Amino acid sequence: MTTSHSAEAPAEEPLQEHFDATISRDQRIEPRDWMPEGYRKTLIRQIAQHAHSEIIGMQPEGEWITRAPSLRRKAILFAKVQDEAGHGLYLYSAAETLGADRADLTDRLIEGRQKYSSIFNYPTMSFADVGVIGWFVDGAAICNQVPLCRSSYGPYARAMVRVCKEESFHQRQGYELLMTMMRGTEAQREMVQDAVNRWWWPSLMMFGPPDENSPNSAQSMAWKIKRHSNDELRQRFVDMTVPQAEKLGVTLPDAELRWNAERGHHDFGTPDWSELMRLQVGRRITYDVRANWKLIIENFMECYHCATIHPELTEVLPEFADGYAAQYYVGHGAEFGEDVQGFTVDGSEGLDRIPGVAEEQDRRYYAITVKPQVFINLVPDHVIFHRMYPMAVDRTIVECDWLYLPHVVESGKDVSRSVELFDRVNRQDFEACERTQPGMGSRMYAKGGVLVPSEHHIGAFHDWVNERLGAPLS
C-alpha cells in the first residue's frame with residue numbers, strides 16, 4: 001500500500017471567513033495573517049503611492065533651502081525635508097511586509113509604472129509657496145492620514161502614527177510662515193494671496209476624484225484600509241481651512257464658498273477635474289540608439305520599410321504595408337484591420353477609450369511629429385510619447401512613455417500587450433537606423449539623399465533644419 005505524504009493547502013473559504021470576521025471586529029490584519037490577494041495588492045498600490053509621494057514631496061521645498069531668507073527658515077526646511085524622507089522609508093518598510101521589493105518599487109516610480117501625488121508637479125514660484133504647501137498640502141495630508149492610523153493593516157496604521165505627528169508640525173510651520181509674511185509688506189501679502197490662489201484647487205484635488213468616479217474607494221472602505229470617502233475628507237478639509245484663512249487675512253479663490261447652516265458645512269465650488277483626469281504614465285522605456293537624431297525622425301516620417309521590418313504593426317494597420325505613413329495625409333488616421341480589436345501586439349482588445357475620442361476617430365492610429373525631436377502616436381485607449389536627446393553625432397537617447405487614463409494605471413491593469421506592440425516597433429526602427437548610420441558619413445549623402453514627391457513632408461523637415469542651421473535650402 002502506498003501512502004501519500006503531500007501536504008494540501010488549507011481551504012480558502014474558512015480563511016476568508018476568518019479574515020472577514022477580523023475586519024468586521026475592527027481588529028488588525030498582520031503580515032503573517034492570511035489575506036485575500038486583492039487586499040494585498042490594494043495595500044501595496046496605496047502604500048507605494050504614499051511612499052513615492054513622500055519622497056517626491058521633498059523636492060519642491062528642498063529647492064528653497066539655499067534661498068530661504070534666514071538660518072531659522074533654512075533649518076526648518078532642512079528638518080521638514082528630512083522628515084519626508086523618513087516617512088518614505090517607514091512606508092516602504094510597510095510595503096515590504098506585504099512581499100513588495102523596495103528596489104522594484106523604486107524602479108516602478110522611476111519608470112513611471114507607479115504614481116505619486118500629482119500636486120508635487122506644481123512649481124513653487126515664490127517663498128510664500130513654501131508656507132502654503134505647509135498649510136494646504138500638509139493640512140490635506142493630515143485630513144487624509146489621521147484616519148489611516150486606524151487602518152485595518154497593522155504595519156501601515158502604526159507607521160501613520162509617527163507620520164501624522166510630524167505632518168502636524170509641518171502644517172504649523174507653514175501657517176506660521178504665512179502669518180509672518182502677512183504682517184510684512186504689501187508685496188509680501190500679495191505674494192501670499194497669489195500662492196493661495198494657485199494652490200487651493202490642486203489641494204482640493206489631493207483627496208482624489210468625486211466618490212462616484214473613484215474606482216477603488218468602495219472596496220478600500222469595505223476592507224477598512226481607508227475609513228472615509230474622498231468627498232467626506234474634502235469637506236472636512238474645507239471646513240477646517242475657512243476659519244484659518246479668515247484669521248490669516250487671505251481670500252480663498254472660490255466664489256461659491258459659503259456656510260450652509262442647514263448642512264452644518266461649507267458649500268464650495270467644483271474643482272476642474274479635467275486636470276486630475278489627464279493621462280498618466282503606465283510604462284516608460286529608454287533606448288540608447290547608435291544613430292543621429294535626424295535619421296530617427298526621417299524613419300518615423302516614412303513607411304517604405306514597414307512591410308519588411310514591422311510585421312506586427314502592419315497586421316494591426318494593414319495600409320502601412322503599402323508604404324504610406326499616416327503623416328503623408330494631413331489629418332488622416334490609419335484604420336485598424338477588420339479583425340483587429342485593439343492597438344496591441346496580438347490585435348486583442350485594448351483598454352478603456354480616452355474621453356473625447358470621437359466615433360470616427362475610434363479604431364484609428366494618428367501620428368504627429370513636433371519639431372525638433374518629439375513623436376506623438378495617438379490610438380483610442382492610449383498615447384505613445386517619444387522624446388529624443390541627441391548625445392553625439394551618431395548617438396541618441398530616446399525616452400518613450402505609454403500614457404493611459406488614470407484609473408487604468410491606478411488599478412494595475414495589464415498594459416503589456418499595448419506596450420509590447422510599439423516597443424517592438426521601436427526596436428525594429430532603431431536597429432534599421434543604426435544599420436543606416438554608417439552611410440551618413442558618405443559624400444553621396446552630403447545633401448541628404450534623394451527624395452521623391454511623396455516625401456514632401458521629409459523635405460520640409462530638411463528645409464526646417466537647414467534654415468535653423470543657416471544652411472542653403474534643398
# chains A, B, ... in the order shown; residues from 1 in each chain; ligands from 1
call {"tool": "closest_atom_pairs", "arguments": {"of": "range 326-412 of chain A", "to": "range 435-442 of chain A", "cutoff": "12 Å", "atoms": "only C-alpha atoms", "output": "CSV"}}
result
residue,atom,partner,partner_atom,distance
A:Val393,CA,A:Gln437,CA,9.8
A:Asp394,CA,A:Gln437,CA,7.1
A:Arg395,CA,A:Gln437,CA,9.6
A:Thr396,CA,A:Gln437,CA,11.6
call {"tool": "select_by_dssp", "arguments": {"residues": "range 53-83 of chain A", "states": "helix (DSSP H, G or I)", "output": "VMD selection string"}}
result
chain A and resid 53 to 56 58 to 62 71 to 83
call {"tool": "closest_residue", "arguments": {"among": "A:His457, A:Arg283, A:Arg234, A:Arg363", "to": "Ser203 in chain A", "atoms": "only C-alpha atoms"}}
result
A:Arg234
call {"tool": "residues_around", "arguments": {"residues": "range 191-195 of chain A", "least_positions_apart": "5", "cutoff": "12 Å", "atoms": "only C-alpha atoms", "output": "PyMOL selection string"}}
result
chain A and resi 122-136+174-175+177-186+200-203+245+248-253
call {"tool": "select_by_dssp", "arguments": {"residues": "range 157-357 of chain A", "states": "strand (DSSP E)", "output": "list in words"}}
result
Arg258, Trp259, Asn260, His265, His266, Asp267, Gln280, Val281, Gly282, Arg283, Arg284, Ile285, Thr286, Tyr287, Asp288, Val289, Ala334 and Glu335 of chain A
call {"tool": "closest_residue", "arguments": {"among": "A:Ala367, A:Ile225, A:Ala432, A:Val196", "to": "Gln145 in chain A", "atoms": "only C-alpha atoms"}}
result
A:Ile225
call {"tool": "residues_around", "arguments": {"residues": "Pro406 in chain A", "least_positions_apart": "3", "cutoff": "12 Å", "atoms": "only C-alpha atoms", "output": "NGL selection string"}}
result
:A and (113-118 or 208-209 or 213-216 or 273-282 or 351-355 or 381-382 or 403 or 409-413)
call {"tool": "residues_around", "arguments": {"residues": "range 40-57 of chain A", "least_positions_apart": "4", "cutoff": "8 Å", "atoms": "only C-alpha atoms", "output": "PDB file with C-alpha atoms, in the first residue's frame"}}
result
ATOM      1  CA  MET A  35      -5.310  37.893   3.409  1.00  0.00           C
ATOM      2  CA  PRO A  36      -7.026  37.937   0.007  1.00  0.00           C
ATOM      3  CA  GLU A  61      10.554  72.749  -0.851  1.00  0.00           C
ATOM      4  CA  GLU A  84       9.586  63.487   4.478  1.00  0.00           C
ATOM      5  CA  ALA A  85      12.486  61.173   3.630  1.00  0.00           C
ATOM      6  CA  HIS A  87       8.138  58.978   6.048  1.00  0.00           C
ATOM      7  CA  GLY A  88       9.008  57.400   2.727  1.00  0.00           C
ATOM      8  CA  LEU A  89      11.267  54.876   4.456  1.00  0.00           C
ATOM      9  CA  LEU A  91       6.099  53.344   4.225  1.00  0.00           C
ATOM     10  CA  TYR A  92       8.468  51.361   2.005  1.00  0.00           C
ATOM     11  CA  ALA A  94       5.361  48.658   5.493  1.00  0.00           C
ATOM     12  CA  ALA A  95       5.074  47.654   1.817  1.00  0.00           C
ATOM     13  CA  LEU A  98       3.384  42.570   2.139  1.00  0.00           C
ATOM     14  CA  ALA A 100       6.907  44.001  -2.110  1.00  0.00           C
ATOM     15  CA  LEU A 105       9.044  49.894  -6.109  1.00  0.00           C
ATOM     16  CA  LEU A 109       8.499  55.035  -9.677  1.00  0.00           C
ATOM     17  CA  GLN A 114       3.612  53.677 -10.282  1.00  0.00           C
ATOM     18  CA  LYS A 115       2.287  57.113  -9.483  1.00  0.00           C
ATOM     19  CA  TYR A 116       2.713  59.732  -6.787  1.00  0.00           C
ATOM     20  CA  SER A 117       0.518  62.671  -5.813  1.00  0.00           C
ATOM     21  CA  PHE A 120       4.127  67.816  -6.358  1.00  0.00           C
ATOM     22  CA  TYR A 156       0.539  50.732   7.788  1.00  0.00           C
ATOM     23  CA  SER A 220     -10.836  50.061   0.313  1.00  0.00           C
ATOM     24  CA  ILE A 225      -7.975  50.281   4.691  1.00  0.00           C
ATOM     25  CA  GLU A 410      -4.044  53.103 -10.609  1.00  0.00           C
TER      26      GLU A 410
END
call {"tool": "atom_distance", "arguments": {"atom1": "CA of Glu262 in chain A", "atom2": "CA of Met221 in chain A"}}
result
27.3 Å
call {"tool": "residues_around", "arguments": {"residues": "Thr97 in chain A", "least_positions_apart": "6", "cutoff": "9 Å", "atoms": "only C-alpha atoms", "output": "list in words"}}
result
Glu30, Pro31, Arg32 and Pro155 of chain A
call {"tool": "write_last_selection", "arguments": {"atoms": "N, CA, C and O atoms", "output": "PDB file, in the first residue's frame"}}
result
ATOM      1  N   GLU A  30      -2.289  41.392  10.359  1.00  0.00           N
ATOM      2  CA  GLU A  30      -0.838  41.481  10.493  1.00  0.00           C
ATOM      3  C   GLU A  30      -0.154  40.709   9.356  1.00  0.00           C
ATOM      4  O   GLU A  30      -0.789  39.893   8.674  1.00  0.00           O
ATOM      5  N   PRO A  31       1.151  40.957   9.130  1.00  0.00           N
ATOM      6  CA  PRO A  31       1.829  40.370   7.965  1.00  0.00           C
ATOM      7  C   PRO A  31       1.724  38.846   7.851  1.00  0.00           C
ATOM      8  O   PRO A  31       1.655  38.318   6.742  1.00  0.00           O
ATOM      9  N   ARG A  32       1.708  38.123   8.984  1.00  0.00           N
ATOM     10  CA  ARG A  32       1.661  36.661   8.922  1.00  0.00           C
ATOM     11  C   ARG A  32       0.249  36.115   8.761  1.00  0.00           C
ATOM     12  O   ARG A  32       0.055  34.907   8.580  1.00  0.00           O
ATOM     13  N   PRO A 155       0.942  47.188  10.133  1.00  0.00           N
ATOM     14  CA  PRO A 155       2.163  47.964   9.873  1.00  0.00           C
ATOM     15  C   PRO A 155       1.886  49.332   9.259  1.00  0.00           C
ATOM     16  O   PRO A 155       2.587  50.306   9.576  1.00  0.00           O
TER      17      PRO A 155
END
call {"tool": "residues_around", "arguments": {"residues": "range 385-392 of chain A", "least_positions_apart": "5", "cutoff": "12 Å", "atoms": "only C-alpha atoms", "output": "JSON, numbers by chain"}}
result
{"A": [279, 280, 281, 282, 283, 284, 285, 286, 287, 288, 289, 290, 291, 292, 293, 294, 295, 296, 297, 300, 367, 368, 369, 370, 371, 372, 373, 374, 375, 376, 377, 378, 379, 397, 398, 399, 400, 401, 402, 403, 404, 419, 422, 423, 426]}
call {"tool": "closest_residue", "arguments": {"among": "A:Asp26, A:Glu315, A:Glu13, A:Glu166", "to": "Gly347 in chain A", "atoms": "only C-alpha atoms"}}
result
A:Glu315
call {"tool": "atom_distance", "arguments": {"atom1": "CA of Glu431 in chain A", "atom2": "CA of Thr308 in chain A"}}
result
13.1 Å
call {"tool": "closest_residue", "arguments": {"among": "A:Gly350, A:Pro243, A:Gly356, A:Gly269", "to": "Ser416 in chain A", "atoms": "only C-alpha atoms"}}
result
A:Gly350
call {"tool": "atom_distance", "arguments": {"atom1": "CA of Tyr366 in chain A", "atom2": "CA of Asp346 in chain A"}}
result
19.2 Å
